[in-house]
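Data block below; observations after.
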Amino acid sequence: MNGDDRWDDDARAAYQLPIEGEEQARDRAILRLRRESAKRRTGMGAWWVDPDGLRMRPALAAVCVLAVLVIGAWSGAGWMASRGVRAPRPSIATLPSGSTAVTFVFRAPGATRVSLVGDFNGWDPEATPLARATTGEIWIAQVPLEHGLHAYAFVIDGRDWAPDPSAPLAPVATFGRRNSLLVVGEDQAL
Amino acid sequence: MRRLLALALASSLLAPGRASGDESEEARLRARLKPELATPVIEVVRSAAAQGLPTAPLVARALEGASRQAGDEAILEAVRGYAAGLAAARRALGSTARAAELDAGAGALMAGVPEDSLASLKRARPSGSLVIPLVVLSDFVARGVPVANASNAVLAATRAGAADPALLRMRERIDERILRGEAPTGASREGLRELLMKTPGTPKERGSREPRERRQP
């Protein structure tokens, strides 16, 4: 063993010697980290402003965003359906003959058949059946209507007549139940 | 001379169309009604046509009654009553009123709206269409707003210059209030107040005031 080797051994041995106070320093560092961590959590709503306050796996975040979108769309559709919305405005189209295509939407839970009757089809319950939408409770029909005032109603399962809950009502119930009113060709469909 | 010839030609072209339209209506009535009912209904329709009244609403009432399986007497009574309503609507709205206005006016009159109210509406909007104001008025009455309050609300809004879309929004808001359980009278008053507050050129304090027409429903 030459002098250089001995110097290396001494240096290695010196680095391996325990440092005085090392255990206490490590304990203090751990304690401080715990305090800081606990302090961050206790702040009321701190995660709104703390950049490290909210951690989430990307996959979980994507699932949350998707859930919000689905719930929003479902709620919106439910709200529209609960109003029994006749929605002529989004799908109105002026036809060459001067008439207008109007979309009727009606919510009828449990119905097996829904049709539209009005002065435009001779009040014939067989003339204008509505198609069931994919949701099951919503029924839809698009009808070309001449400009003017129209009275109409929905017929559920061939026997129950019901007005459109979102439309103006006729003032007189001539034959027992009121009809709904629709104006086409003024500034807009009513 | 050329104008006279053109007029004569136009009349000759239009006349068959009118006649075929009448025949079509009568054919529809005969196809759907029993003969003993079709005959008096067609008489009412012909009488209305002779007076220059629209006949389509009368045919519609008869067909509606048939589809609802109403009795013959009820159907005939409904058709006669509507014909009288159309005539009264023309008295109130004037001879220039369009078919849709007469139709809407007849419904309002049959619900108890006085002819004076229709005439006041015509004066408030002399050149524009009254179809939507009359439909809104009819809807209020149907939902339980007293006739005087309903008439006053629509008249005050029309006098304030509210356009049809504003009237439609007022109708929707009042209907929503009634559905939430508010009394129809209060709901119509609040709906009118909201509309007047938002109508351009209307003094804001006017919205809280009773409409002038209230004293003469």
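Identifiers in this document derive from the order of the structure tokens: chains are assigned A, B, ..., residues are numbered from 1 separately in each chain, and ligands are numbered from 1 in order of occurrence.
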Report as number ranges by chain the set of chain B residues whose atoms approach chain A to within 7 Å, with distances computed over only C-alpha atoms.
B: 60, 63-65, 67, 70, 78, 100, 107-108, 110-111, 136, 138-139, 141-142
Nearby residues (only C-alpha atoms) at most 12 Å from B:Glu176, same-chain spacing under 4 positions excluded, as JSON, numbers by chain
{"A": [83, 165, 166, 167], "B": [140, 143, 169, 170, 171, 172, 180, 181, 182, 183, 184, 187, 188, 190, 191]}
Writer output for current selection, N, CA and C atoms, as a compact mmCIF listing (two decimals), in the first residue's frame:
# COMPACT_ATOMS: atom_id res chain seq x y z
N ARG A 83 -91.11 21.39 -19.72
CA ARG A 83 -91.96 22.50 -20.13
C ARG A 83 -92.87 22.11 -21.29
N PRO A 165 -98.52 22.82 -23.28
CA PRO A 165 -98.32 23.61 -22.05
C PRO A 165 -97.49 24.87 -22.24
N SER A 166 -96.79 24.98 -23.35
CA SER A 166 -95.95 26.17 -23.53
C SER A 166 -96.58 27.22 -24.44
N ALA A 167 -97.76 26.95 -24.94
CA ALA A 167 -98.36 27.86 -25.94
C ALA A 167 -99.54 28.61 -25.33
N PHE B 140 -104.55 35.30 -21.42
CA PHE B 140 -104.72 35.79 -20.04
C PHE B 140 -106.09 35.39 -19.50
N ARG B 143 -106.32 31.82 -18.59
CA ARG B 143 -105.55 31.43 -17.39
C ARG B 143 -106.09 32.06 -16.12
N ARG B 169 -93.24 38.05 -24.51
CA ARG B 169 -92.45 37.86 -23.28
C ARG B 169 -93.31 38.14 -22.05
N MET B 170 -94.14 39.17 -22.14
CA MET B 170 -95.02 39.48 -21.01
C MET B 170 -95.95 38.29 -20.75
N ARG B 171 -96.48 37.71 -21.81
CA ARG B 171 -97.36 36.55 -21.63
C ARG B 171 -96.64 35.41 -20.92
N GLU B 172 -95.42 35.15 -21.37
CA GLU B 172 -94.67 34.05 -20.76
C GLU B 172 -94.41 34.32 -19.28
N ARG B 180 -96.54 29.48 -10.76
CA ARG B 180 -95.85 29.44 -9.46
C ARG B 180 -96.82 29.65 -8.30
N GLY B 181 -98.07 29.99 -8.62
CA GLY B 181 -99.06 30.11 -7.58
C GLY B 181 -99.52 31.53 -7.29
N GLU B 182 -99.02 32.49 -8.05
CA GLU B 182 -99.49 33.87 -7.83
C GLU B 182 -100.92 34.02 -8.33
N ALA B 183 -101.64 34.94 -7.74
CA ALA B 183 -103.00 35.22 -8.20
C ALA B 183 -102.92 35.83 -9.60
N PRO B 184 -103.80 35.40 -10.51
CA PRO B 184 -103.73 35.91 -11.88
C PRO B 184 -103.78 37.42 -11.98
N ALA B 187 -100.45 38.75 -10.94
CA ALA B 187 -99.44 38.35 -11.93
C ALA B 187 -99.52 39.22 -13.16
N SER B 188 -100.74 39.52 -13.61
CA SER B 188 -100.87 40.35 -14.82
C SER B 188 -100.40 41.77 -14.54
N GLU B 190 -98.09 42.70 -12.38
CA GLU B 190 -96.63 42.69 -12.30
C GLU B 190 -96.01 42.53 -13.69
N GLY B 191 -96.63 41.65 -14.50
CA GLY B 191 -96.11 41.45 -15.85
C GLY B 191 -96.17 42.73 -16.67
For stretch 125-132 of chain B, list every protein, DNA or RNA residue within 7 Å, evaluated using only C-alpha atoms, and leave out those in the same chain fewer than 5 positions away; present the list as a PyMOL selection string.
chain B and resi 100-101+104+158+164
Given the selection you just returned, output its residues as a file containing C-alpha atoms, formatted as an mmCIF file, in the first residue's frame.
data_model
loop_
_atom_site.group_PDB
_atom_site.id
_atom_site.type_symbol
_atom_site.label_atom_id
_atom_site.label_comp_id
_atom_site.auth_asym_id
_atom_site.auth_seq_id
_atom_site.Cartn_x
_atom_site.Cartn_y
_atom_site.Cartn_z
ATOM 1 C CA ALA B 100 -106.671 36.018 -38.596
ATOM 2 C CA GLU B 101 -107.565 39.175 -36.655
ATOM 3 C CA ALA B 104 -108.609 35.950 -32.774
ATOM 4 C CA THR B 158 -99.969 48.227 -26.831
ATOM 5 C CA ASP B 164 -95.221 41.706 -30.530
#
Between B:Met197, B:Ala99, B:Val147, B:Val154, single out the one closest to B:Thr185, counting only C-alpha atoms.
B:Val147
